[in-house]
Each structure stands twice: as structure tokens, then as C-alpha cells.
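Quick look at upload39.cif (mmCIF, C-alpha atoms and all ligand atoms):
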```cif
data_structure
loop_
_atom_site.label_atom_id
_atom_site.label_comp_id
_atom_site.auth_asym_id
_atom_site.auth_seq_id
_atom_site.Cartn_x
_atom_site.Cartn_y
_atom_site.Cartn_z
CA MET A 308 -3.40 181.16 -136.85
CA LYS A 309 -3.97 183.41 -133.85
CA ILE A 310 -1.72 186.49 -133.68
CA VAL A 311 0.37 186.17 -130.52
CA GLY A 312 3.16 188.69 -131.13
CA ILE A 313 4.07 191.63 -133.36
CA GLU A 314 7.58 193.06 -133.72
CA ALA A 315 8.52 196.40 -135.32
CA ILE A 316 12.30 196.35 -135.79
CA PRO A 317 14.04 199.52 -137.04
CA PHE A 318 17.03 198.90 -139.29
CA ALA A 319 19.36 201.08 -141.37
CA ILE A 320 21.27 200.15 -144.53
CA PRO A 321 23.17 202.84 -146.50
CA TYR A 322 22.63 203.48 -150.18
CA ALA A 323 25.61 203.14 -152.52
CA LYS A 324 23.86 205.62 -154.76
CA PRO A 325 21.42 208.00 -153.05
CA LEU A 326 18.19 208.86 -154.89
CA ARG A 327 17.28 212.55 -155.18
CA PHE A 328 13.90 213.82 -156.34
CA ALA A 329 11.73 216.96 -156.04
CA SER A 330 10.20 216.18 -152.63
CA GLY A 331 13.27 214.72 -150.89
CA GLU A 332 16.20 212.32 -151.04
CA VAL A 333 17.15 208.92 -149.66
CA ARG A 334 20.74 208.25 -148.48
CA ILE A 335 20.12 205.51 -145.90
CA ALA A 336 17.26 203.01 -145.97
CA GLU A 337 16.00 203.56 -142.42
CA HIS A 338 13.08 201.12 -142.64
CA VAL A 339 11.11 199.01 -140.20
CA LEU A 340 10.93 195.20 -140.42
CA VAL A 341 7.47 194.09 -139.30
CA ARG A 342 7.05 190.52 -138.06
CA VAL A 343 3.76 188.95 -137.02
CA HIS A 344 3.93 185.71 -135.01
CA THR A 345 1.14 183.14 -134.65
CA ASP A 346 0.34 180.57 -132.00
CA GLU A 347 1.22 177.81 -134.52
CA GLY A 348 4.77 179.14 -134.83
CA LEU A 349 4.41 180.88 -138.21
CA THR A 350 6.01 184.30 -138.75
CA GLY A 351 4.83 186.69 -141.47
CA SER A 352 7.18 189.49 -142.56
CA ALA A 353 7.07 192.77 -144.48
CA GLU A 354 8.86 196.13 -144.39
CA ALA A 355 7.60 199.67 -143.83
CA PRO A 356 9.61 202.49 -145.46
CA PRO A 357 9.11 205.87 -143.72
CA ARG A 358 8.55 208.66 -146.24
CA PRO A 359 7.83 211.81 -144.22
CA TYR A 360 7.50 214.00 -147.34
CA THR A 361 4.72 211.76 -148.64
CA TYR A 362 2.88 210.34 -145.60
CA GLY A 363 4.28 212.11 -142.53
CA GLU A 364 5.63 208.83 -141.11
CA THR A 365 9.11 208.46 -139.61
CA GLN A 366 10.97 205.31 -138.58
CA GLU A 367 10.25 206.17 -134.94
CA SER A 368 6.56 206.87 -135.59
CA ILE A 369 6.11 203.53 -137.38
CA VAL A 370 7.66 201.61 -134.48
CA ALA A 371 5.61 203.61 -131.94
CA VAL A 372 2.24 203.24 -133.69
CA ILE A 373 2.76 199.49 -134.13
CA ASP A 374 4.01 198.90 -130.57
CA LYS A 375 1.58 201.20 -128.78
CA ILE A 376 -1.63 201.08 -130.86
CA PHE A 377 -1.75 198.39 -133.55
CA ALA A 378 -0.16 195.42 -131.76
CA PRO A 379 -2.49 195.62 -128.73
CA GLN A 380 -5.50 195.92 -131.10
CA LEU A 381 -4.55 192.91 -133.22
CA LEU A 382 -3.34 190.38 -130.65
CA GLY A 383 -5.87 187.55 -130.42
CA LEU A 384 -7.29 188.01 -133.95
CA THR A 385 -6.36 185.44 -136.59
CA ALA A 386 -4.70 185.87 -139.99
CA LEU A 387 -8.05 184.94 -141.58
CA GLU A 388 -9.79 187.93 -139.99
CA ARG A 389 -8.24 190.59 -142.22
CA ALA A 390 -11.43 192.65 -142.51
CA ALA A 391 -11.58 192.84 -138.72
CA VAL A 392 -7.88 193.67 -138.64
CA HIS A 393 -8.43 196.56 -141.07
CA GLU A 394 -11.43 197.84 -139.16
CA ARG A 395 -9.20 198.12 -136.08
CA LEU A 396 -6.26 199.63 -137.98
CA ASP A 397 -8.58 202.20 -139.58
CA ARG A 398 -9.59 203.57 -136.17
CA THR A 399 -6.24 205.37 -136.42
CA VAL A 400 -5.90 207.85 -139.28
CA GLY A 401 -2.82 207.91 -141.51
CA ASN A 402 0.20 205.62 -140.94
CA PRO A 403 -0.20 203.89 -144.31
CA THR A 404 3.12 202.04 -144.48
CA ALA A 405 2.78 200.71 -140.91
CA LYS A 406 -0.73 199.39 -141.68
CA SER A 407 0.36 197.96 -145.04
CA ALA A 408 3.31 196.05 -143.60
CA LEU A 409 0.95 194.42 -141.10
CA ASP A 410 -1.50 193.51 -143.88
CA MET A 411 1.22 191.95 -146.03
CA ALA A 412 2.74 190.05 -143.10
CA LEU A 413 -0.71 188.50 -142.51
CA TRP A 414 -0.91 187.43 -146.17
CA ASP A 415 2.57 185.92 -145.76
CA ILE A 416 1.19 183.86 -142.86
CA LEU A 417 -1.80 182.74 -144.96
CA GLY A 418 0.48 181.61 -147.76
CA GLN A 419 2.75 179.72 -145.38
CA ALA A 420 -0.23 178.05 -143.67
CA ALA A 421 -1.69 177.00 -147.04
CA GLY A 422 1.72 175.95 -148.39
CA MET A 423 1.17 178.25 -151.39
CA PRO A 424 2.82 181.39 -152.80
CA VAL A 425 1.00 184.62 -151.89
CA SER A 426 1.17 185.75 -155.52
CA GLY A 427 -0.90 182.70 -156.47
CA LEU A 428 -3.42 183.34 -153.70
CA LEU A 429 -3.80 186.95 -154.90
CA GLY A 430 -4.40 186.05 -158.54
CA GLY A 431 -1.53 184.05 -160.03
CA TYR A 432 -1.49 185.78 -163.41
CA THR A 433 2.23 185.36 -164.12
CA ASP A 434 5.51 184.67 -162.30
CA ARG A 435 7.50 187.79 -163.19
CA MET A 436 7.34 191.46 -164.12
CA ARG A 437 9.37 193.67 -166.39
CA VAL A 438 11.30 196.18 -164.29
CA SER A 439 11.33 199.96 -164.54
CA HIS A 440 14.27 201.88 -163.02
CA MET A 441 14.08 205.37 -161.46
CA VAL A 442 16.74 207.86 -162.54
CA GLY A 443 17.15 210.54 -159.84
CA PHE A 444 18.39 214.11 -160.05
CA ALA A 445 21.96 214.58 -161.31
CA PRO A 446 23.62 216.43 -164.18
CA ALA A 447 22.20 215.13 -167.49
CA ALA A 448 25.39 213.27 -168.46
CA GLU A 449 25.36 211.35 -165.15
CA MET A 450 21.68 210.45 -165.57
CA VAL A 451 22.47 209.09 -169.04
CA ALA A 452 25.47 207.12 -167.75
CA GLU A 453 23.35 205.58 -164.99
CA ALA A 454 20.55 204.55 -167.34
CA GLU A 455 23.07 203.02 -169.77
CA ARG A 456 24.72 201.07 -166.94
CA ILE A 457 21.36 199.79 -165.66
CA ARG A 458 20.36 198.77 -169.19
CA ASP A 459 23.69 197.06 -169.92
CA VAL A 460 24.03 195.26 -166.55
CA HIS A 461 20.41 194.36 -165.81
CA GLY A 462 18.70 194.46 -169.20
CA ILE A 463 16.20 197.10 -168.01
CA THR A 464 14.62 199.11 -170.83
CA THR A 465 12.02 201.23 -168.97
CA PHE A 466 13.11 204.33 -167.06
CA LYS A 467 11.19 206.74 -164.84
CA VAL A 468 12.99 210.08 -164.96
CA LYS A 469 12.70 212.32 -161.91
CA VAL A 470 11.75 215.88 -162.86
CA GLY A 471 10.37 218.87 -160.96
CA ARG A 472 13.57 220.94 -160.71
CA HIS A 473 13.88 224.67 -161.30
CA PRO A 474 14.39 225.78 -163.98
CA TYR A 475 12.26 223.07 -165.61
CA THR A 476 14.44 223.38 -168.72
CA ASP A 477 17.21 221.39 -166.92
CA ASP A 478 14.80 218.45 -166.70
CA VAL A 479 13.71 218.84 -170.31
CA ALA A 480 17.38 218.75 -171.35
CA ALA A 481 18.00 215.62 -169.24
CA CYS A 482 15.01 213.82 -170.79
CA ARG A 483 16.19 214.78 -174.28
CA ALA A 484 19.72 213.52 -173.52
CA LEU A 485 18.28 210.23 -172.24
CA ARG A 486 16.12 209.71 -175.32
CA GLU A 487 19.02 210.52 -177.66
CA ALA A 488 21.39 208.15 -175.84
CA LEU A 489 18.96 205.27 -175.27
CA GLY A 490 17.12 205.39 -178.60
CA PRO A 491 13.45 204.97 -179.50
CA ASP A 492 12.96 201.42 -178.16
CA VAL A 493 13.32 202.34 -174.49
CA ASP A 494 10.21 203.40 -172.51
CA LEU A 495 10.65 206.76 -170.74
CA TYR A 496 8.21 208.49 -168.37
CA ILE A 497 8.55 211.37 -165.93
CA ASP A 498 7.71 211.91 -162.24
CA GLY A 499 7.68 215.46 -160.83
CA ASN A 500 6.92 214.64 -157.17
CA ARG A 501 4.80 217.86 -157.18
CA GLY A 502 7.86 220.02 -157.89
CA TRP A 503 6.63 222.18 -160.77
CA SER A 504 3.84 224.73 -161.00
CA ALA A 505 1.05 223.72 -163.39
CA SER A 506 2.17 226.39 -165.86
CA ASP A 507 5.81 225.20 -165.87
CA ALA A 508 4.55 221.62 -166.19
CA ALA A 509 2.42 222.59 -169.20
CA ARG A 510 5.41 224.28 -170.84
CA ALA A 511 7.61 221.26 -170.09
CA LEU A 512 5.06 218.81 -171.53
CA ARG A 513 4.93 220.84 -174.75
CA GLU A 514 8.74 220.88 -175.00
CA LEU A 515 8.90 217.13 -174.30
CA ALA A 516 6.12 216.26 -176.78
CA ASP A 517 8.43 214.80 -179.45
CA LEU A 518 10.18 212.42 -177.00
CA GLY A 519 7.40 209.81 -176.97
CA LEU A 520 7.01 209.68 -173.16
CA THR A 521 4.69 206.95 -171.87
CA PHE A 522 3.34 208.71 -168.76
CA ALA A 523 3.62 211.88 -166.66
CA GLU A 524 3.32 211.50 -162.85
CA GLU A 525 2.51 214.12 -160.17
CA LEU A 526 4.05 217.07 -161.98
CA CYS A 527 2.41 219.68 -159.71
CA PRO A 528 0.59 219.71 -156.35
CA ALA A 529 -2.88 218.11 -156.27
CA ASP A 530 -3.91 220.99 -153.98
CA ASP A 531 -3.64 223.32 -157.00
CA VAL A 532 -7.08 221.95 -157.75
CA LEU A 533 -8.21 223.84 -160.84
CA ALA A 534 -4.71 224.35 -162.25
CA ARG A 535 -4.06 220.63 -162.05
CA ARG A 536 -7.26 219.73 -163.92
CA TRP A 537 -6.32 222.35 -166.52
CA LEU A 538 -2.91 220.69 -166.87
CA VAL A 539 -4.25 217.14 -167.11
CA ARG A 540 -6.80 218.17 -169.77
CA GLN A 541 -3.99 219.29 -172.07
CA SER A 542 -1.72 216.28 -171.47
CA THR A 543 -1.68 213.93 -174.44
CA ILE A 544 -0.30 211.07 -172.30
CA PRO A 545 -1.84 209.41 -169.20
CA PHE A 546 -1.24 211.47 -166.06
CA ILE A 547 -0.44 209.19 -163.09
CA ALA A 548 -1.59 210.08 -159.57
CA ASP A 549 0.90 208.90 -156.93
CA GLU A 550 1.11 211.02 -153.75
CA SER A 551 -2.37 212.41 -154.49
CA ALA A 552 -4.03 208.97 -154.62
CA THR A 553 -2.92 207.01 -151.56
CA THR A 554 -6.33 205.60 -150.54
CA PRO A 555 -9.36 204.27 -152.47
CA ALA A 556 -11.24 207.50 -151.67
CA GLU A 557 -8.41 209.66 -153.01
CA VAL A 558 -8.24 207.48 -156.13
CA THR A 559 -11.96 208.11 -156.67
CA ARG A 560 -11.56 211.85 -156.12
CA GLU A 561 -8.56 212.26 -158.39
CA LEU A 562 -10.02 210.20 -161.24
CA LEU A 563 -13.60 211.49 -161.14
CA SER A 564 -12.50 215.12 -160.85
CA GLY A 565 -10.24 214.82 -163.89
CA ALA A 566 -7.10 215.51 -161.86
CA ALA A 567 -5.48 212.25 -162.98
CA THR A 568 -5.96 209.63 -165.70
CA ALA A 569 -3.84 206.73 -164.36
CA ILE A 570 -2.87 205.42 -160.91
CA SER A 571 0.35 204.32 -159.21
CA VAL A 572 -0.34 201.26 -157.04
CA LYS A 573 2.15 200.89 -154.18
CA THR A 574 1.93 197.88 -151.90
CA ALA A 575 4.05 199.80 -149.37
CA ARG A 576 1.10 202.14 -148.76
CA THR A 577 -1.97 200.01 -149.52
CA GLY A 578 -0.69 196.52 -148.66
CA PHE A 579 -2.23 193.66 -150.61
CA SER A 580 -5.83 193.99 -149.38
CA THR A 581 -6.32 197.68 -150.18
CA SER A 582 -4.14 197.51 -153.31
CA GLN A 583 -6.65 194.98 -154.65
CA ARG A 584 -9.47 197.43 -153.98
CA VAL A 585 -7.57 200.20 -155.78
CA LEU A 586 -6.76 197.90 -158.69
CA HIS A 587 -10.37 196.81 -159.06
CA GLN A 588 -11.49 200.46 -158.97
CA CYS A 589 -9.07 201.23 -161.80
CA GLU A 590 -10.14 198.19 -163.79
CA GLY A 591 -13.79 199.10 -163.33
CA LEU A 592 -13.19 202.65 -164.48
CA GLY A 593 -10.94 201.62 -167.36
CA VAL A 594 -7.84 203.38 -166.05
CA GLU A 595 -4.26 202.15 -166.44
CA VAL A 596 -2.04 201.41 -163.44
CA VAL A 597 1.70 201.23 -162.84
CA MET A 598 3.19 199.28 -159.94
CA GLY A 599 5.05 202.05 -158.13
CA ASN A 600 7.83 201.90 -155.56
CA GLN A 601 8.11 203.59 -152.19
CA ILE A 602 11.92 203.24 -152.54
CA ASP A 603 11.54 199.80 -151.00
CA GLY A 604 14.32 197.44 -150.05
CA GLN A 605 14.31 193.80 -151.18
CA ILE A 606 11.52 192.76 -148.80
CA GLY A 607 9.19 195.50 -150.05
CA THR A 608 10.18 194.77 -153.62
CA LEU A 609 9.27 191.08 -153.18
CA CYS A 610 5.86 192.25 -151.95
CA SER A 611 5.40 194.56 -154.97
CA VAL A 612 6.31 191.91 -157.51
CA ALA A 613 4.12 189.30 -155.77
CA PHE A 614 1.16 191.65 -156.13
CA GLY A 615 1.97 192.99 -159.61
CA ALA A 616 2.59 189.55 -161.12
CA ALA A 617 -0.64 188.27 -159.55
CA HIS A 618 -2.80 190.58 -161.69
CA ARG A 619 -3.01 191.07 -165.46
CA SER A 620 -3.78 194.79 -165.27
CA ALA A 621 -0.91 195.42 -162.82
CA SER A 622 1.66 193.69 -165.01
CA VAL A 623 0.87 195.34 -168.35
CA HIS A 624 3.49 198.03 -167.70
CA ALA A 625 6.95 197.51 -166.21
CA GLY A 626 6.88 197.76 -162.40
CA GLU A 627 9.18 200.02 -160.38
CA LEU A 628 11.12 197.20 -158.76
CA SER A 629 14.76 198.21 -158.88
CA ASN A 630 15.48 200.74 -156.11
CA PHE A 631 17.12 197.97 -154.05
CA LEU A 632 19.90 197.80 -156.67
CA ASP A 633 21.23 201.09 -155.26
CA MET A 634 21.56 199.78 -151.68
CA THR A 635 24.85 198.48 -150.25
CA ASP A 636 23.20 195.39 -148.72
CA ASP A 637 19.84 194.01 -147.56
CA LEU A 638 18.32 191.51 -145.14
CA LEU A 639 17.41 188.54 -147.36
CA THR A 640 19.38 185.29 -147.18
CA GLU A 641 19.11 184.95 -150.94
CA PRO A 642 19.33 188.42 -152.57
CA LEU A 643 16.98 189.43 -155.38
CA THR A 644 18.39 189.68 -158.90
CA VAL A 645 17.02 191.36 -162.00
CA GLU A 646 17.61 189.16 -165.02
CA SER A 647 17.07 190.30 -168.62
CA GLY A 648 15.10 193.25 -167.28
CA THR A 649 12.66 191.10 -165.29
CA LEU A 650 12.13 190.21 -161.64
CA ARG A 651 10.56 186.89 -160.67
CA ILE A 652 8.32 186.19 -157.72
CA ARG A 653 9.62 183.73 -155.13
CA GLU A 654 8.16 180.25 -155.52
CA GLY A 655 7.28 178.36 -152.36
CA ALA A 656 4.95 179.08 -149.49
CA GLY A 657 4.13 182.65 -148.45
CA LEU A 658 6.15 185.60 -149.76
CA GLY A 659 9.51 183.81 -149.66
CA ILE A 660 11.02 186.35 -147.26
CA ASP A 661 13.89 184.46 -145.62
CA ILE A 662 15.81 186.87 -143.40
CA ASP A 663 19.51 186.40 -142.72
CA PRO A 664 19.85 186.57 -138.89
CA GLU A 665 23.42 187.89 -139.07
CA LYS A 666 22.43 190.72 -141.38
CA LEU A 667 19.46 191.60 -139.22
CA ALA A 668 21.75 191.66 -136.16
CA ARG A 669 24.20 193.92 -138.01
CA TYR A 670 21.66 196.46 -139.29
CA ARG A 671 18.97 196.57 -136.60
CA GLN A 672 19.03 199.73 -134.53
CA ASP A 673 17.18 198.67 -131.40
CA ARG A 674 19.97 196.62 -129.79
C1 LIG A 701 7.90 208.00 -156.47
O1 LIG A 701 7.29 207.37 -157.31
O2 LIG A 701 7.56 209.16 -156.30
C2 LIG A 701 9.54 209.20 -154.03
C3 LIG A 701 8.69 209.82 -153.18
C4 LIG A 701 7.63 208.93 -152.94
O3 LIG A 701 6.64 209.09 -152.25
O4 LIG A 701 7.83 207.77 -153.63
C5 LIG A 701 9.08 207.83 -154.28
C6 LIG A 701 9.02 207.38 -155.69
MG MG A 702 5.91 209.16 -157.80
#
```

What would the structure in this file look like if it were written as C-alpha cells?
Amino acid sequence: MKIVGIEAIPFAIPYAKPLRFASGEVRIAEHVLVRVHTDEGLTGSAEAPPRPYTYGETQESIVAVIDKIFAPQLLGLTALERAAVHERLDRTVGNPTAKSALDMALWDILGQAAGMPVSGLLGGYTDRMRVSHMVGFAPAAEMVAEAERIRDVHGITTFKVKVGRHPYTDDVAACRALREALGPDVDLYIDGNRGWSASDAARALRELADLGLTFAEELCPADDVLARRWLVRQSTIPFIADESATTPAEVTRELLSGAATAISVKTARTGFSTSQRVLHQCEGLGVEVVMGNQIDGQIGTLCSVAFGAAHRSASVHAGELSNFLDMTDDLLTEPLTVESGTLRIREGAGLGIDIDPEKLARYRQDR
């Protein structure tokens, strides 16, 4: 299982429905397909989604760091030497989605070599997760229409509402319209992507108090250190750290300092190996987690569901596994489908990422 080649292939697939949120927007999925080849002819795959507003990575930087730094460091190691792989990757700071795609591609190789699904190797708790859908910025009536469509077509009954606009009262009105239209049985939570000040966030939380929200995520910047702790202390619902908790050390800092009370686990930024460390930290500290989404395509979503379904604590809450529904196309031979509000892992060896060569040829940007 010696690593003999690593490819970082940029591709671009437009969104049918762009997602807008406080820190940015996504109109085209300009991601990087990462493929790791072994001397026995196995190929592990994963995708890296550049999110400059969250990690500083771009599509070009992901390709460059893999081609110029990571590939030369990893060639010759085997898929069983993941700790050694991570030691080498960690000599370079940052670049979380590039590192994570490499980690997950190695797990894909392990699964294929063992003839077993990666989700089973990771923990094998269940074979599916309930799906949560993100509702991006739009006029309130459009947000309601989108949530109703997603519920009616896909059976999804958990929605993460993007907030963080100015004035904050527009977001409060949108959340109220969603609750009134969808009724009490739907789970609603909010994600501010650091858009509000702590004082606006506190006002918004008070005005939203009767809506029965499940969580609040990253309402204001983590760098507003004292203001953020002040905000979290008065929140009556768990306060999820996302952008502020992208490594095990940041998770420790955010939780122990009282700046967050729950964690978003994203395989796109911590792969499988480091996501397990984060998950075990949260379990040990008695903190809830949500499987988040880095606005992944179908490949990244398969990785998220493989990890989430593998662990009891990661599958308690619905996982954010539906962003791919807004894309015009994807690379998999057999597209993912959400059925009755749930997404299943792929049975079979590895991660089950079977890439359609014609689609890859159509969307890749390096030829
Ligand atoms: C999310 O949960 O915030 C948007 C920005 C980012 O870093 O992730 C997405 C979704
Ligand atoms: Mg978030």
C-alpha cells in the first residue's frame, strides 16, 4: 500500500441555487479532487473545497500545496502510516482542506484494501444520518418557499438558517416566518458566520427566544473574546463553534474558555483522523456535536456521512449533508439521493466514490 502518486485536480461545477451567508457566497463549486495512488493499483479519493473566508485556501493554493509540498513528503509512505503522514503534513501550517482530503483518500485506500466500508472501520454505528438543510440569505418569503420545497421533495425536517445580516431584525423576521410556515415539529437552528456584533446577537437571541431554536452557531467573531463569552453565558441554547474551532487545540480553547458550548465537526477540515480526535474530546467533555458542511459536493458529503454514521455521538443530530442538492451536476457515477430526509452511507469497500470519467473530463480545469 505504498503511495506512488498523488493528483490534485481542480474542477468547477456551477450551482443552480447559489448559497449566500454572512462571510461569503458560493456560485460555482470550484473544488479540488484529490487522488492518492498506491503501488498495488488502488486509488483513494476525496475532495477539498476552498473556503478563503474561513481558512484562507483557494483552489490554486490547494493544488500548489499538494503538488509542491505534500506529495513529495508523502511519496513512499504507506496508507497504514497515517500518524507519520500527519506529522509530515503538520510541518506546514494551515491548509486544512488540502490535508483533510489526503487523510480521507488514505482511509479510502485502507477500506478498499480490507474490502470493507470506511464507515465500518471508523466505528460502524449506523448506516445513515438524518439530513439538515442550510437556508441561505434571501427575502423571508423565498427562504420559506425553499424550506417548504426541500421538506416536500426530500423529506428533510431540520433547517439551519443563515443569519448575521444587518439589520439583525431582517433575520429575526425570516426565522419567525420559517417557524410559522413549517410548524413546531421542524428543527430550526441559526448560523451567523460571525456577522453580528455580540450585542446585536444578544438582542436577536432574546427576540428569537419563543421560536424553540435548537442551536446558535458563530453569531459573532471569536476574536471579540470577552464579548463572546458574555454572549454565550446568556444563551439558553447550545452555542456551536464552527470557524472558531477548526483544530483540536481551538476546540479546547473555545470550550474551556466558555466561548462555545457545542462543536461543529467537519470532515472537510479535519479529515477522518483528526475529526475522531475532536469527537473524542467532545465526548470526554460532555459536549454535543453537529456534523457540519463545508458546502461540499457529493464526494465530500459521502465522506461526512461515512464519518457521522460511524459514531453514535455524531449522529444524534441531523447532519448538514444537503448542499450538493443545489449543484447542477457532480462527479459521481451514481449520484447521491436524500430519501425520507436521510442519507445512507455507500456499502462496499472504501468510501464508495466511483467517479464518472466523462464528467471529470467535462468539469476539470487543468486540461
Ligand atoms: C457553515 O456552517 O458555516 C459557510 C462558511 C463556512 O466556513 O462553512 C459554510 C457553512
Ligand atoms: Mg457555520

Exercise for the section: Considering only C-alpha atoms, state which residue in the set A:Arg501, A:Arg389, A:Arg513, A:Arg327 is at the smallest distance from Asp530 of chain A. Expected result: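 With only C-alpha atoms as the atom set, the closest residue is A:Arg501.
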
Fill in the blank from the handout: Students should find that atom CA of Val572 of chain A and atom CA of Ala613 of chain A are spaced 12.8 Å

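Nearest to Glu337 of chain A of all the residues A:Glu557, A:Asp633, A:Glu388, A:Asp603 is A:Asp603, based on all atoms listed in the file.
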
Mind dumping a table of every chain A residue within 10 Å of ligand LIG 701 (chain A), with the nearest atom pair and its distance in Å to one decimal, using all atoms listed in the file, sorted by chain and rising number, as CSV?
```
residue,atom,partner,partner_atom,distance
A:Leu326,CA,A:LIG701,C2,8.7
A:Arg327,CA,A:LIG701,C2,8.5
A:Phe328,CA,A:LIG701,C2,6.8
A:Ala329,CA,A:LIG701,C3,8.3
A:Ser330,CA,A:LIG701,C3,6.6
A:Gly331,CA,A:LIG701,C3,7.1
A:Glu332,CA,A:LIG701,C2,7.9
A:Val333,CA,A:LIG701,C2,8.8
A:Pro356,CA,A:LIG701,O4,9.9
A:Pro357,CA,A:LIG701,O3,9.4
A:Arg358,CA,A:LIG701,O3,6.3
A:Pro359,CA,A:LIG701,O3,8.6
A:Tyr360,CA,A:LIG701,O3,7.0
A:Thr361,CA,A:LIG701,O3,4.9
A:Tyr362,CA,A:LIG701,O3,7.7
A:Met441,CA,A:LIG701,C6,7.9
A:Gly443,CA,A:LIG701,C6,9.7
A:Lys467,CA,A:LIG701,O1,8.5
A:Val468,CA,A:LIG701,O1,9.9
A:Lys469,CA,A:LIG701,O2,8.2
A:Ile497,CA,A:LIG701,O1,9.6
A:Asp498,CA,A:LIG701,O2,6.5
A:Gly499,CA,A:LIG701,O2,7.8
A:Asn500,CA,A:LIG701,O2,5.6
A:Arg501,CA,A:LIG701,O2,9.2
A:Glu524,CA,A:LIG701,O1,8.0
A:Glu525,CA,A:LIG701,O2,8.1
A:Ile547,CA,A:LIG701,O1,9.8
A:Ala548,CA,A:LIG701,O1,9.6
A:Asp549,CA,A:LIG701,O1,6.6
A:Glu550,CA,A:LIG701,O3,6.0
A:Ser551,CA,A:LIG701,O3,9.9
A:Thr553,CA,A:LIG701,O3,9.8
A:Ser571,CA,A:LIG701,O1,7.8
A:Val572,CA,A:LIG701,O1,9.8
A:Lys573,CA,A:LIG701,O1,8.8
A:Ala575,CA,A:LIG701,O4,9.8
A:Arg576,CA,A:LIG701,O3,9.5
A:Val597,CA,A:LIG701,O1,10.0
A:Met598,CA,A:LIG701,O1,9.4
A:Gly599,CA,A:LIG701,O1,5.8
A:Asn600,CA,A:LIG701,C6,5.6
A:Gln601,CA,A:LIG701,O4,4.4
A:Ile602,CA,A:LIG701,C5,5.7
A:Asp603,CA,A:LIG701,C5,9.0
A:Glu627,CA,A:LIG701,O1,8.2
A:Asn630,CA,A:LIG701,C6,9.3
```

Handout entry: Nearest residue to Leu533 of chain A from the set A:Glu487, A:Asp507, A:Glu561, A:Asp517 (distances using all atoms listed in the file)
Key =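 With all atoms listed in the file as the atom set, the closest residue is A:Glu561.
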
Practice task
Go ahead and compute the interatomic distance for atom CA of Gly351 of chain A and atom CA of Ala405 of chain A, in Å to one decimal.
Solution key: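 Straight-line distance from atom CA of Gly351 of chain A to atom CA of Ala405 of chain A works out to 14.2 Å.
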
Can you tell me, as JSON, the centre and edge lengths (Å, one decimal) of the axis-aligned box enclosing all of segment 397-403 of chain A's listed atoms after padding each side by 6 Å?
```
{"center_x": -4.7, "center_y": 205.1, "center_z": -140.2, "size_x": 21.8, "size_y": 17.7, "size_z": 20.1}
```

Problem - For ligand MG 702 (chain A), the nearest of the candidates A:Gln588, A:Arg536, A:Ile570, A:Ala452, counting only C-alpha atoms and all ligand atoms - result: A:Ile570

Handout entry: Selected residue of minimal separation from ligand MG 702 (chain A) among A:Phe546, A:Pro446, A:Ala480, A:Ser368, counting all atoms listed in the file
Key =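 Smallest distance to ligand MG 702 (chain A) is found for A:Phe546.
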
Problem - Nearest residue to Gly431 of chain A from the set A:Tyr496, A:Phe631, A:Phe614, A:Phe579 (distances using all atoms listed in the file) - result: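 Smallest distance to Gly431 of chain A is found for A:Phe614.
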
Handout entry: Separation of atom CA of Ser611 of chain A from atom CA of Ile463 of chain A in Å
Key =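 Calculated distance between atom CA of Ile463 of chain A and atom CA of Ser611 of chain A is 17.1 Å.
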
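Near Leu495 of chain A, within a cut-off of 6 Å and counting only C-alpha atoms, sit the residues A:Thr465, A:Phe466, A:Lys467, A:Leu520, with same-chain residues fewer than 5 positions away left out.
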
Exercise for the section: Would you list the contacts of Asp374 of chain A as a list in words, taking every protein, DNA or RNA residue within 9 Å and counting only C-alpha atoms, but skipping same-chain residues closer than 3 positions in sequence? Expected result: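 Skipping anything fewer than 3 positions along the chain leaves Ile313, Glu314, Ala315, Ile369, Val370, Ala371, Phe377, Ala378 and Pro379 of chain A.
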
Practice task
Counting only C-alpha atoms, select every polymer residue within 9 Å of (-7.4, 202.1, -155.5) as defined in the file's coordinates, and provide the selection as a ChimeraX atom specification.
Solution key: /A:552-559,570-572,577,581-589

Handout entry: Close residues, Glu354 of chain A itself excluded, 7 Å, all atoms listed in the file, min 3 positions apart in chain, as an MDAnalysis selection string
Key = chainID A and resid 338:341 408 606:607
